[in-house]
Each structure stands twice: as C-alpha cells, then as structure tokens.
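Next comes work.txt, a file with compact mmCIF, C-alpha atoms.
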# COMPACT_ATOMS: atom_id res chain seq x y z
CA MET U 1 72.04 145.45 153.37
CA ARG U 2 72.30 142.16 151.49
CA LEU U 3 74.49 141.88 148.43
CA VAL U 4 72.27 141.34 145.38
CA GLY U 5 73.67 139.45 142.41
CA LEU U 6 72.45 140.80 139.07
CA LEU U 7 72.66 138.38 136.15
CA GLY U 8 72.34 140.77 133.24
CA GLY U 9 73.46 141.83 129.80
CA MET U 10 70.29 140.50 128.08
CA SER U 11 70.30 143.27 126.94
CA TRP U 12 72.61 145.68 128.73
CA GLU U 13 70.10 148.42 127.90
CA SER U 14 67.64 146.91 130.38
CA SER U 15 70.33 145.85 132.85
CA ALA U 16 71.36 149.50 133.11
CA GLU U 17 67.77 150.20 134.20
CA TYR U 18 68.08 147.55 136.91
CA TYR U 19 71.23 149.21 138.20
CA ARG U 20 69.76 152.71 138.09
CA LEU U 21 66.45 151.79 139.70
CA ALA U 22 68.05 149.75 142.49
CA ASN U 23 70.32 152.60 143.48
CA GLU U 24 67.54 155.19 143.28
CA MET U 25 65.24 153.05 145.43
CA VAL U 26 67.88 152.40 148.08
CA ARG U 27 68.72 156.09 148.25
CA GLU U 28 65.04 156.96 148.63
CA ARG U 29 64.49 154.43 151.41
CA VAL U 30 67.75 154.78 153.35
CA GLY U 31 68.62 158.38 152.61
CA GLY U 32 71.88 160.28 152.43
CA LEU U 33 74.54 158.79 150.22
CA ALA U 34 73.19 155.24 150.49
CA SER U 35 73.37 153.10 147.36
CA ALA U 36 72.60 149.48 146.55
CA ARG U 37 75.11 146.68 147.19
CA LEU U 38 75.20 144.98 143.80
CA LEU U 39 77.36 142.42 142.05
CA LEU U 40 76.80 142.31 138.29
CA HIS U 41 77.68 139.59 135.80
CA SER U 42 76.89 140.90 132.34
CA VAL U 43 76.93 138.25 129.62
CA ASP U 44 77.45 138.71 125.88
CA PHE U 45 73.90 138.99 124.58
CA ALA U 46 74.95 138.07 121.05
CA GLU U 47 75.86 134.60 122.32
CA VAL U 48 72.65 134.22 124.28
CA GLU U 49 70.49 135.48 121.41
CA ARG U 50 72.09 132.98 119.06
CA LEU U 51 71.26 130.13 121.45
CA GLN U 52 67.68 131.41 121.70
CA ALA U 53 67.24 131.58 117.95
CA GLU U 54 68.72 128.09 117.47
CA ASP U 55 66.51 126.60 120.21
CA ARG U 56 69.56 125.62 122.25
CA TRP U 57 68.00 126.47 125.59
CA ASP U 58 69.92 123.84 127.56
CA GLU U 59 73.18 125.44 126.52
CA ALA U 60 71.85 128.89 127.39
CA GLY U 61 70.79 127.55 130.79
CA ALA U 62 74.23 126.09 131.41
CA LEU U 63 75.88 129.40 130.47
CA LEU U 64 73.70 131.37 132.88
CA ALA U 65 73.99 128.74 135.60
CA THR U 66 77.78 129.11 135.50
CA ALA U 67 77.46 132.87 135.72
CA ALA U 68 75.04 132.56 138.64
CA ALA U 69 77.42 130.27 140.50
CA GLY U 70 80.10 132.90 140.02
CA LEU U 71 77.88 135.54 141.57
CA GLU U 72 77.28 133.32 144.58
CA ALA U 73 80.99 132.63 144.91
CA GLY U 74 81.52 136.40 144.84
CA GLY U 75 79.30 136.82 147.89
CA ALA U 76 75.84 137.46 146.43
CA GLU U 77 73.07 136.57 148.87
CA LEU U 78 70.15 136.96 146.44
CA LEU U 79 70.01 136.41 142.70
CA VAL U 80 68.10 138.57 140.21
CA LEU U 81 67.93 137.48 136.56
CA CYS U 82 67.54 140.75 134.65
CA THR U 83 65.40 139.40 131.81
CA ASN U 84 61.95 137.86 131.42
CA THR U 85 62.74 135.57 128.50
CA MET U 86 65.65 133.78 130.13
CA HIS U 87 63.45 132.78 133.06
CA LYS U 88 62.75 129.87 130.74
CA VAL U 89 65.99 128.41 132.12
CA ALA U 90 65.37 129.47 135.74
CA PRO U 91 65.36 125.82 136.94
CA ALA U 92 68.90 125.32 135.63
CA ILE U 93 70.05 128.48 137.37
CA GLU U 94 68.39 127.54 140.65
CA ALA U 95 70.00 124.09 140.54
CA ALA U 96 73.45 125.69 140.30
CA VAL U 97 73.20 127.91 143.39
CA SER U 98 72.12 127.73 147.02
CA ILE U 99 71.00 131.37 147.24
CA PRO U 100 67.41 132.26 146.29
CA LEU U 101 66.46 133.36 142.79
CA LEU U 102 63.84 136.11 142.89
CA HIS U 103 61.51 134.99 140.08
CA ILE U 104 60.13 137.83 137.96
CA GLY U 105 56.88 135.93 137.32
CA ASP U 106 56.04 135.62 141.01
CA VAL U 107 56.82 139.27 141.67
CA THR U 108 54.66 140.40 138.76
CA ALA U 109 51.75 138.10 139.60
CA ARG U 110 51.64 139.37 143.18
CA ALA U 111 51.41 142.95 141.90
CA VAL U 112 48.56 142.06 139.54
CA ARG U 113 46.64 140.27 142.28
CA ALA U 114 47.25 143.13 144.71
CA ALA U 115 45.57 145.40 142.15
CA GLY U 116 42.52 143.14 142.24
CA LEU U 117 42.90 141.94 138.64
CA GLU U 118 42.76 138.43 137.22
CA ARG U 119 42.76 138.81 133.40
CA VAL U 120 45.87 140.44 131.95
CA GLY U 121 47.52 140.93 128.59
CA LEU U 122 51.18 140.06 128.11
CA LEU U 123 53.63 141.96 125.92
CA ALA U 124 57.02 140.28 125.58
CA THR U 125 59.37 138.54 123.19
CA SER U 126 57.81 135.87 121.00
CA TYR U 127 59.51 133.24 123.16
CA THR U 128 57.78 134.53 126.28
CA MET U 129 54.39 135.13 124.65
CA GLU U 130 54.24 131.82 122.78
CA GLN U 131 55.88 129.43 125.23
CA ASP U 132 54.45 128.52 128.60
CA PHE U 133 57.28 129.11 131.09
CA LEU U 134 56.07 132.57 132.17
CA ARG U 135 52.38 132.24 131.30
CA GLU U 136 52.07 129.11 133.43
CA ARG U 137 53.95 130.77 136.27
CA LEU U 138 51.45 133.62 136.18
CA ALA U 139 48.52 131.20 135.84
CA GLY U 140 49.75 129.45 138.97
CA HIS U 141 48.85 132.64 140.85
CA GLY U 142 45.29 132.50 139.49
CA LEU U 143 45.77 134.80 136.51
CA THR U 144 44.33 134.42 133.03
CA VAL U 145 46.92 135.56 130.50
CA LEU U 146 46.05 136.94 127.05
CA VAL U 147 48.63 137.38 124.31
CA PRO U 148 48.40 139.38 121.07
CA ASP U 149 47.57 137.68 117.79
CA GLY U 150 50.35 136.44 115.52
CA GLY U 151 50.80 139.66 113.61
CA ASP U 152 50.97 141.77 116.74
CA ARG U 153 53.35 139.29 118.39
CA ALA U 154 55.70 139.66 115.44
CA VAL U 155 55.62 143.46 115.70
CA VAL U 156 56.26 143.44 119.44
CA HIS U 157 59.15 140.98 119.09
CA ARG U 158 60.77 142.82 116.20
CA ILE U 159 60.77 146.14 118.01
CA ILE U 160 62.40 144.56 121.06
CA TYR U 161 65.29 142.90 119.20
CA GLU U 162 65.81 145.33 116.34
CA GLU U 163 65.28 148.58 118.24
CA LEU U 164 65.01 148.53 122.03
CA CYS U 165 67.92 146.14 122.62
CA LEU U 166 70.01 148.56 120.53
CA GLY U 167 68.83 151.64 122.43
CA VAL U 168 66.54 152.82 119.63
CA VAL U 169 63.27 154.37 120.81
CA THR U 170 60.87 155.84 118.25
CA GLU U 171 57.44 157.41 118.37
CA GLU U 172 56.30 155.12 115.57
CA SER U 173 57.07 152.03 117.64
CA ARG U 174 55.49 153.58 120.71
CA GLN U 175 52.26 154.03 118.76
CA ALA U 176 52.48 150.46 117.49
CA TYR U 177 52.66 149.22 121.08
CA ARG U 178 49.77 151.47 122.07
CA ASP U 179 47.70 149.89 119.32
CA VAL U 180 48.59 146.36 120.45
CA ILE U 181 47.68 147.26 124.03
CA ALA U 182 44.34 148.67 122.88
CA ARG U 183 43.54 145.42 121.06
CA LEU U 184 44.40 143.38 124.17
CA VAL U 185 42.07 145.56 126.22
CA ALA U 186 39.33 145.13 123.61
CA ALA U 187 39.83 141.36 123.95
CA GLY U 188 39.16 141.56 127.68
CA ALA U 189 42.48 142.38 129.35
CA GLU U 190 41.96 144.27 132.63
CA GLY U 191 45.63 145.20 132.75
CA VAL U 192 48.81 144.69 130.73
CA ILE U 193 52.11 143.17 131.80
CA LEU U 194 55.18 144.70 130.18
CA GLY U 195 56.85 141.30 130.15
CA CYS U 196 60.17 142.19 128.57
CA THR U 197 62.64 144.33 130.46
CA GLU U 198 63.32 146.56 127.44
CA ILE U 199 59.66 147.45 126.87
CA GLU U 200 59.74 149.94 129.74
CA LEU U 201 62.17 152.00 127.68
CA LEU U 202 59.32 152.58 125.21
CA VAL U 203 55.93 152.64 126.96
CA ASP U 204 54.55 153.25 130.44
CA GLN U 205 51.24 153.82 132.22
CA SER U 206 50.51 156.91 130.13
CA ASP U 207 50.24 154.71 127.04
CA ALA U 208 47.35 152.57 128.29
CA ASP U 209 43.84 153.04 129.64
CA VAL U 210 44.21 150.06 132.00
CA PRO U 211 46.79 149.36 134.73
CA VAL U 212 50.24 148.56 133.40
CA PHE U 213 52.64 146.27 135.26
CA PRO U 214 56.30 147.04 134.47
CA THR U 215 58.22 143.88 135.31
CA THR U 216 61.63 145.55 135.58
CA ARG U 217 60.51 148.07 138.17
CA LEU U 218 58.49 145.48 140.09
CA HIS U 219 61.45 143.08 140.07
CA VAL U 220 63.83 145.74 141.37
CA GLU U 221 61.38 146.84 144.07
CA ALA U 222 61.15 143.27 145.32
CA ALA U 223 64.93 142.88 145.25
CA VAL U 224 65.42 146.06 147.26
CA ASP U 225 62.75 144.91 149.74
CA ALA U 226 64.65 141.66 150.21
CA ALA U 227 68.03 143.37 150.44
CA LEU U 228 66.81 145.70 153.17
CA ALA U 229 64.68 143.21 155.08
CA ASP U 230 65.57 142.60 158.72
CA ASP U 231 65.38 138.79 158.57
Can you turn what I pasted into structure tokens?
Amino acid sequence: MRLVGLLGGMSWESSAEYYRLANEMVRERVGGLASARLLLHSVDFAEVERLQAEDRWDEAGALLATAAAGLEAGGAELLVLCTNTMHKVAPAIEAAVSIPLLHIGDVTARAVRAAGLERVGLLATSYTMEQDFLRERLAGHGLTVLVPDGGDRAVVHRIIYEELCLGVVTEESRQAYRDVIARLVAAGAEGVILGCTEIELLVDQSDADVPVFPTTRLHVEAAVDAALADD
C-alpha cells in the first residue's frame, strides 16, 4: 500500500473526513484490521484564510509548497490536497515535489462524465465559484459549469466560513443550500458538485433531486484506488 500524503487543515473539520473515509475505504477493500497508510501535514487555517482574504495567493502557494515538500521528504508517494479552494495554487505545489498531486477537479470531472452528465452546478467558496481555476479544469473535461447568482454565492460562502469550518451544522443552513441547489437545477443543472470539502458535512444526495457529486468522497476514493493499485 502506498503512503499517501494529506495536505490538510483547511479546515481540519474536512481533513478529519479525509482521514476517516480513507481508513474506512481501506478496511472495506482489504479487510481485517487494515487501515490506510497516511502522512498528514495540517496547516494553521487562520494563516491560510488571511492570505486568501488579502489576495496573497503566491504566499499561500509557497506555504503549501513547503508543506508538500515535507510530506515527500517524509516518504509520501502520492499527494492529496484536502481542499478545493487551495487547488488555485496547485501549480506551485506540483513544482515543489516530484510525486504526483491527485487533482480534485480531474477526479470530480471523471465522476460527472461517468454519470453521463455535461451541465453541472457548482457549490463552493466564493473564490472557487467566481474564479476560474476549478471551473476551467472541469471545462477541460467537457463540462459546462453553472454557479449560483451573487446573493446565493454569498450565502453559500458565509455558511462555509462562519459555520461549517467551525463544526456548526444547522437545519436552517441545510435548507438554504437545498434552495440554492433547486435554483441551479431550475437554471439547467443536470447535477451538482459539492465543491468545498466542508459542504458534505451539511448536505448529501438526499437534499437534491439530481445527482450530487461530493468532492471529498470522490477524492478519497481515487486516492485509495491509487494507494492500492498494483502498478
């Protein structure tokens, strides 16, 4: 089993899901007392969030690149960045290591295409919904990506940073997300990507009438596939 490097802490609430899911999936596939071989570097999200808010993405990329290099030095054979938003700096991370980075956009796009869909809604942080780093990655796989309107984007973003990243899950916010999803579907979305790793703490397939694509679970499944692959 390959050693998977997890670059997490953004937030630790979602990184804990990565750890849990990876171990559950390995146990299911291998059996017995098997668990995932993982090396975790968990950064201080307060520092990263400040760099995001101040548009200092180069500095954020350098911080994560250093952490990634540390994971490689520690023996990691595959790198998993446990956040959608910080894939904005994926090129900086990839330039700092020689091991592969499993890109969350590629993993998600393959799942959408495998479901036979081409037009999907995207729920994520404002950075991810409004900037092109993930939307263009998805479009490169032949997908058309719809995002909520400005008001809905603000609601989705606020709930992520003010609630989910702090472990707060409320029925009111769940209903707000359901409403946003319904409006995306009305606008033509055939499915919805849960494009922030914390969103899966709040909503799932039961909250939508179209297929939902949970990026955290899809990312972990791909990482476990790679860790257990023969070649």
Q: Using only C-alpha atoms, find the one residue out of U:Ala222, U:Met10, U:Ala176, U:Val145 that sits nearest to Gln52 of chain U.
A: U:Met10
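Distances to Asp152 of chain U were evaluated for U:Thr170, U:Thr216, U:Ser126, U:Ser11 using all atoms listed in the file, and the minimum falls at U:Ser126.
Note that atom CA of Val4 of chain U and atom CA of Gln131 of chain U are 28.6 Å apart.
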Q: Mind checking which residues fall within 12 Å of Arg20 of chain U, counting only C-alpha atoms, ignoring those fewer than 3 positions away in the same chain, and posting them as a list in words?
A: Glu13, Ser14, Ser15, Ala16, Glu17, Asn23, Glu24, Met25, Val26, Arg27, Ser35, Ala36, Leu38, Thr216, Arg217, Val220 and Glu221 of chain U
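Pairwise distance (atom CA of Glu200 of chain U, atom CA of Tyr18 of chain U) equals 11.3 Å.
Residue nearest Ala223 of chain U within the list U:Glu49, U:Glu136, U:Glu77, U:Glu59: U:Glu77 [criterion: smallest interatomic distance, all atoms listed in the file].
Going from atom CA of Ile199 of chain U over to atom CA of Ala95 of chain U, you cover 29.0 Å.
Distance annotation: of U:Ala229, U:Leu7, U:Leu21, U:Cys82, the residue with the minimal separation from Leu63 of chain U is U:Leu7; atom set is all atoms listed in the file.
Residue nearest Arg37 of chain U within the list U:Ala208, U:Ala73, U:Leu117, U:Met1: U:Met1 [criterion: smallest interatomic distance, all atoms listed in the file].
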List the neighbours of Val168 of chain U out to 9 Å using all atoms listed in the file; skip same-chain residues closer than 5 positions along the sequence, and give me the result as a PDB file with C-alpha atoms, in the frame of the given file.
ATOM      1  CA  ILE U 159      60.770 146.140 118.010  1.00  0.00           C
ATOM      2  CA  GLU U 162      65.810 145.330 116.340  1.00  0.00           C
ATOM      3  CA  GLU U 163      65.280 148.580 118.240  1.00  0.00           C
TER       4      GLU U 163
END
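With only C-alpha atoms as the atoms that count, the minimum distance from Glu118 of chain U to the choices U:Leu101, U:Ile193, U:Leu202, U:Ala68 is reached by U:Ile193.
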Q: Go ahead and find all residues with at least one atom no further than 9 Å from (73.8, 134.7, 128.9) in the file's coordinates, using all atoms listed in the file; report them as an MDAnalysis selection string.
A: chainID U and resid 7:10 42:49 60:65 67 86
Q. Could you list as an MDAnalysis selection string every residue that has an atom within 10 Å of (41.6, 143.8, 125.2), using the file's coordinates and counting all atoms listed in the file?
A. chainID U and resid 119:121 146:148 180:192 210
Closest contacts (segment 184-215 of chain U/segment 154-158 of chain U, max 12 Å, all atoms listed in the file) as a tab-separated table:
residue	atom	partner	partner_atom	distance
U:Leu194	CA	U:Val156	CA	10.9
U:Gly195	CA	U:Val156	CA	10.9
U:Cys196	CA	U:His157	CA	9.6
U:Glu198	CA	U:His157	CA	10.9
U:Ile199	CA	U:Val156	CA	9.1
U:Leu202	CA	U:Val156	CA	11.2
U:Val203	CA	U:Val156	CA	11.9
Could you save those same residues with C-alpha atoms as a PDB file, keeping the file's coordinate frame?
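Once everything was written out, this is selection.pdb:
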ATOM      1  CA  LEU U 194      55.180 144.700 130.180  1.00  0.00           C
ATOM      2  CA  GLY U 195      56.850 141.300 130.150  1.00  0.00           C
ATOM      3  CA  CYS U 196      60.170 142.190 128.570  1.00  0.00           C
ATOM      4  CA  GLU U 198      63.320 146.560 127.440  1.00  0.00           C
ATOM      5  CA  ILE U 199      59.660 147.450 126.870  1.00  0.00           C
ATOM      6  CA  LEU U 202      59.320 152.580 125.210  1.00  0.00           C
ATOM      7  CA  VAL U 203      55.930 152.640 126.960  1.00  0.00           C
TER       8      VAL U 203
END
Q) Residues at most 9 Å from Leu78 of chain U, counting all atoms listed in the file, excluding those fewer than 5 positions away in the same chain, as a list in words? A) Arg2, Leu3, Val4, Gly5, Leu6, Glu72, Ile99, Pro100, Leu101, Leu102, Ala223, Ala226 and Ala227 of chain U
